[in-house]
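Asker: First, the structure itself, so that you have it in front of you.
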Amino acid sequence: MRWVRQNPMTEDSCGQCSAAMLLAIPKREAIRRVGHDLGTTTREMAKVLRDGGLRVAPRLKRLRSLEAIPTARALLLGTWRRYPHWMVWHAGRLIDPVEGVFTLRSKPVPQWIRVTHYLAVE
């Protein structure tokens, strides 16, 4: 999966970046599919992913641990420096649109990133 970067100083598009990563499309295409480049809701995110051909769980689930996510891919919800934030889980890695890719054992997730929920994606 290719990392799609969000500039936190000029963009509010973590959802669009996360959708772009999960759908393997460019960020501009994800913005077009969502219909805007502002913050996104869970409903918007699930619709864009489903419309892109992915199977998406019916609702967010509270996260116990990243390793407990039952699918190889998931849309993650949490916070980045106290702001609501979408991220991606893929093959044992947390991929954050702002901070980059974290393989949990070799590169721990910074304390200012907190993941609270996930939406399983297949």
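Chain lettering (A, B, ...) mirrors the order of the structure tokens, residue numbering begins at 1 for each chain separately, and ligand numbering begins at 1 in order of display.
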For the structure I just gave you, how does DSSP split segment 13-91 of chain A - specifically, which residues are strand (DSSP E)? Reply as a list of chain:residue names.

Answerer: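 Of segment 13-91 of chain A, the ones in strand (DSSP E) are A:Lys61, A:Arg62, A:Arg73, A:Ala74, A:Leu75, A:Leu76, A:Leu77, A:Gly78, A:Thr79, A:Trp80, A:Tyr83, A:Pro84, A:His85, A:Trp86, A:Met87, A:Val88, A:Trp89, A:His90.
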
Asker: Determine the nearest neighbour of Arg82 of chain A from the options A:Ile113, A:Leu104, A:Ile95, A:Leu63, counting only C-alpha atoms.

Answerer: A:Ile113

Asker: Apply DSSP to the structure's backbone, then extract all residues of chain A labelled alpha helix (DSSP H) and return them as a list in words.

Answerer: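 Selection result, alpha helix (DSSP H) within chain A: Cys14, Gly15, Gln16, Cys17, Ser18, Ala19, Ala20, Met21, Leu22, Leu23, Lys27, Arg28, Glu29, Ala30, Ile31, Arg32, Arg33, Val34, Thr42, Arg43, Glu44, Met45, Ala46, Lys47, Val48, Leu49, Arg50 and Asp51 of chain A.
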
Asker: Using N, CA and C atoms, can you write the selected residues to a file as a PDB file, in the first residue's frame?

Answerer:
```pdb
ATOM      1  N   CYS A  14      -7.621  13.990   5.943  1.00  0.00           N
ATOM      2  CA  CYS A  14      -7.111  12.679   6.367  1.00  0.00           C
ATOM      3  C   CYS A  14      -8.031  11.555   5.895  1.00  0.00           C
ATOM      4  N   GLY A  15      -9.343  11.801   5.871  1.00  0.00           N
ATOM      5  CA  GLY A  15     -10.276  10.786   5.387  1.00  0.00           C
ATOM      6  C   GLY A  15     -10.065  10.495   3.920  1.00  0.00           C
ATOM      7  N   GLN A  16      -9.907  11.534   3.124  1.00  0.00           N
ATOM      8  CA  GLN A  16      -9.684  11.356   1.699  1.00  0.00           C
ATOM      9  C   GLN A  16      -8.352  10.650   1.439  1.00  0.00           C
ATOM     10  N   CYS A  17      -7.325  10.998   2.196  1.00  0.00           N
ATOM     11  CA  CYS A  17      -6.028  10.322   2.059  1.00  0.00           C
ATOM     12  C   CYS A  17      -6.142   8.847   2.434  1.00  0.00           C
ATOM     13  N   SER A  18      -6.878   8.551   3.498  1.00  0.00           N
ATOM     14  CA  SER A  18      -7.056   7.159   3.924  1.00  0.00           C
ATOM     15  C   SER A  18      -7.854   6.375   2.882  1.00  0.00           C
ATOM     16  N   ALA A  19      -8.891   6.992   2.333  1.00  0.00           N
ATOM     17  CA  ALA A  19      -9.667   6.328   1.267  1.00  0.00           C
ATOM     18  C   ALA A  19      -8.782   6.080   0.053  1.00  0.00           C
ATOM     19  N   ALA A  20      -7.949   7.058  -0.294  1.00  0.00           N
ATOM     20  CA  ALA A  20      -7.046   6.892  -1.434  1.00  0.00           C
ATOM     21  C   ALA A  20      -6.108   5.702  -1.216  1.00  0.00           C
ATOM     22  N   MET A  21      -5.591   5.555   0.006  1.00  0.00           N
ATOM     23  CA  MET A  21      -4.694   4.431   0.294  1.00  0.00           C
ATOM     24  C   MET A  21      -5.433   3.101   0.173  1.00  0.00           C
ATOM     25  N   LEU A  22      -6.612   3.007   0.780  1.00  0.00           N
ATOM     26  CA  LEU A  22      -7.358   1.743   0.763  1.00  0.00           C
ATOM     27  C   LEU A  22      -7.854   1.376  -0.634  1.00  0.00           C
ATOM     28  N   LEU A  23      -8.182   2.375  -1.451  1.00  0.00           N
ATOM     29  CA  LEU A  23      -8.694   2.123  -2.799  1.00  0.00           C
ATOM     30  C   LEU A  23      -7.608   2.130  -3.866  1.00  0.00           C
ATOM     31  N   LYS A  27      -4.961  10.944  -4.400  1.00  0.00           N
ATOM     32  CA  LYS A  27      -5.690  11.752  -3.420  1.00  0.00           C
ATOM     33  C   LYS A  27      -6.753  12.615  -4.089  1.00  0.00           C
ATOM     34  N   ARG A  28      -6.452  13.228  -5.221  1.00  0.00           N
ATOM     35  CA  ARG A  28      -7.431  14.087  -5.911  1.00  0.00           C
ATOM     36  C   ARG A  28      -8.664  13.292  -6.331  1.00  0.00           C
ATOM     37  N   GLU A  29      -8.475  12.045  -6.726  1.00  0.00           N
ATOM     38  CA  GLU A  29      -9.617  11.205  -7.093  1.00  0.00           C
ATOM     39  C   GLU A  29     -10.457  10.883  -5.856  1.00  0.00           C
ATOM     40  N   ALA A  30      -9.805  10.632  -4.735  1.00  0.00           N
ATOM     41  CA  ALA A  30     -10.549  10.372  -3.493  1.00  0.00           C
ATOM     42  C   ALA A  30     -11.339  11.611  -3.079  1.00  0.00           C
ATOM     43  N   ILE A  31     -10.745  12.787  -3.214  1.00  0.00           N
ATOM     44  CA  ILE A  31     -11.456  14.030  -2.895  1.00  0.00           C
ATOM     45  C   ILE A  31     -12.676  14.175  -3.805  1.00  0.00           C
ATOM     46  N   ARG A  32     -12.505  13.871  -5.083  1.00  0.00           N
ATOM     47  CA  ARG A  32     -13.630  13.942  -6.020  1.00  0.00           C
ATOM     48  C   ARG A  32     -14.746  12.976  -5.621  1.00  0.00           C
ATOM     49  N   ARG A  33     -14.379  11.761  -5.234  1.00  0.00           N
ATOM     50  CA  ARG A  33     -15.383  10.763  -4.852  1.00  0.00           C
ATOM     51  C   ARG A  33     -16.113  11.150  -3.573  1.00  0.00           C
ATOM     52  N   VAL A  34     -15.406  11.741  -2.620  1.00  0.00           N
ATOM     53  CA  VAL A  34     -16.048  12.182  -1.377  1.00  0.00           C
ATOM     54  C   VAL A  34     -16.924  13.404  -1.646  1.00  0.00           C
ATOM     55  N   THR A  42     -18.077   9.060   9.320  1.00  0.00           N
ATOM     56  CA  THR A  42     -17.984   7.614   9.138  1.00  0.00           C
ATOM     57  C   THR A  42     -18.872   7.177   7.987  1.00  0.00           C
ATOM     58  N   ARG A  43     -20.053   7.728   7.897  1.00  0.00           N
ATOM     59  CA  ARG A  43     -20.984   7.371   6.819  1.00  0.00           C
ATOM     60  C   ARG A  43     -20.387   7.697   5.445  1.00  0.00           C
ATOM     61  N   GLU A  44     -19.784   8.876   5.324  1.00  0.00           N
ATOM     62  CA  GLU A  44     -19.148   9.246   4.050  1.00  0.00           C
ATOM     63  C   GLU A  44     -18.013   8.288   3.713  1.00  0.00           C
ATOM     64  N   MET A  45     -17.197   7.974   4.703  1.00  0.00           N
ATOM     65  CA  MET A  45     -16.053   7.091   4.460  1.00  0.00           C
ATOM     66  C   MET A  45     -16.506   5.701   4.033  1.00  0.00           C
ATOM     67  N   ALA A  46     -17.484   5.141   4.735  1.00  0.00           N
ATOM     68  CA  ALA A  46     -17.975   3.805   4.394  1.00  0.00           C
ATOM     69  C   ALA A  46     -18.562   3.793   2.986  1.00  0.00           C
ATOM     70  N   LYS A  47     -19.311   4.826   2.621  1.00  0.00           N
ATOM     71  CA  LYS A  47     -19.923   4.889   1.285  1.00  0.00           C
ATOM     72  C   LYS A  47     -18.859   4.941   0.190  1.00  0.00           C
ATOM     73  N   VAL A  48     -17.842   5.781   0.367  1.00  0.00           N
ATOM     74  CA  VAL A  48     -16.785   5.892  -0.641  1.00  0.00           C
ATOM     75  C   VAL A  48     -16.059   4.556  -0.791  1.00  0.00           C
ATOM     76  N   LEU A  49     -15.771   3.891   0.313  1.00  0.00           N
ATOM     77  CA  LEU A  49     -15.081   2.598   0.244  1.00  0.00           C
ATOM     78  C   LEU A  49     -15.961   1.535  -0.401  1.00  0.00           C
ATOM     79  N   ARG A  50     -17.233   1.493  -0.042  1.00  0.00           N
ATOM     80  CA  ARG A  50     -18.160   0.520  -0.654  1.00  0.00           C
ATOM     81  C   ARG A  50     -18.334   0.802  -2.145  1.00  0.00           C
ATOM     82  N   ASP A  51     -18.510   2.070  -2.496  1.00  0.00           N
ATOM     83  CA  ASP A  51     -18.643   2.437  -3.910  1.00  0.00           C
ATOM     84  C   ASP A  51     -17.384   2.092  -4.696  1.00  0.00           C
TER      85      ASP A  51
END
```

Asker: Out of A:Val4, A:Leu66, A:Val121, A:Leu38, which residue has the shortest atom-to-atom distance to Asp96 of chain A when counting only C-alpha atoms?

Answerer: A:Val4
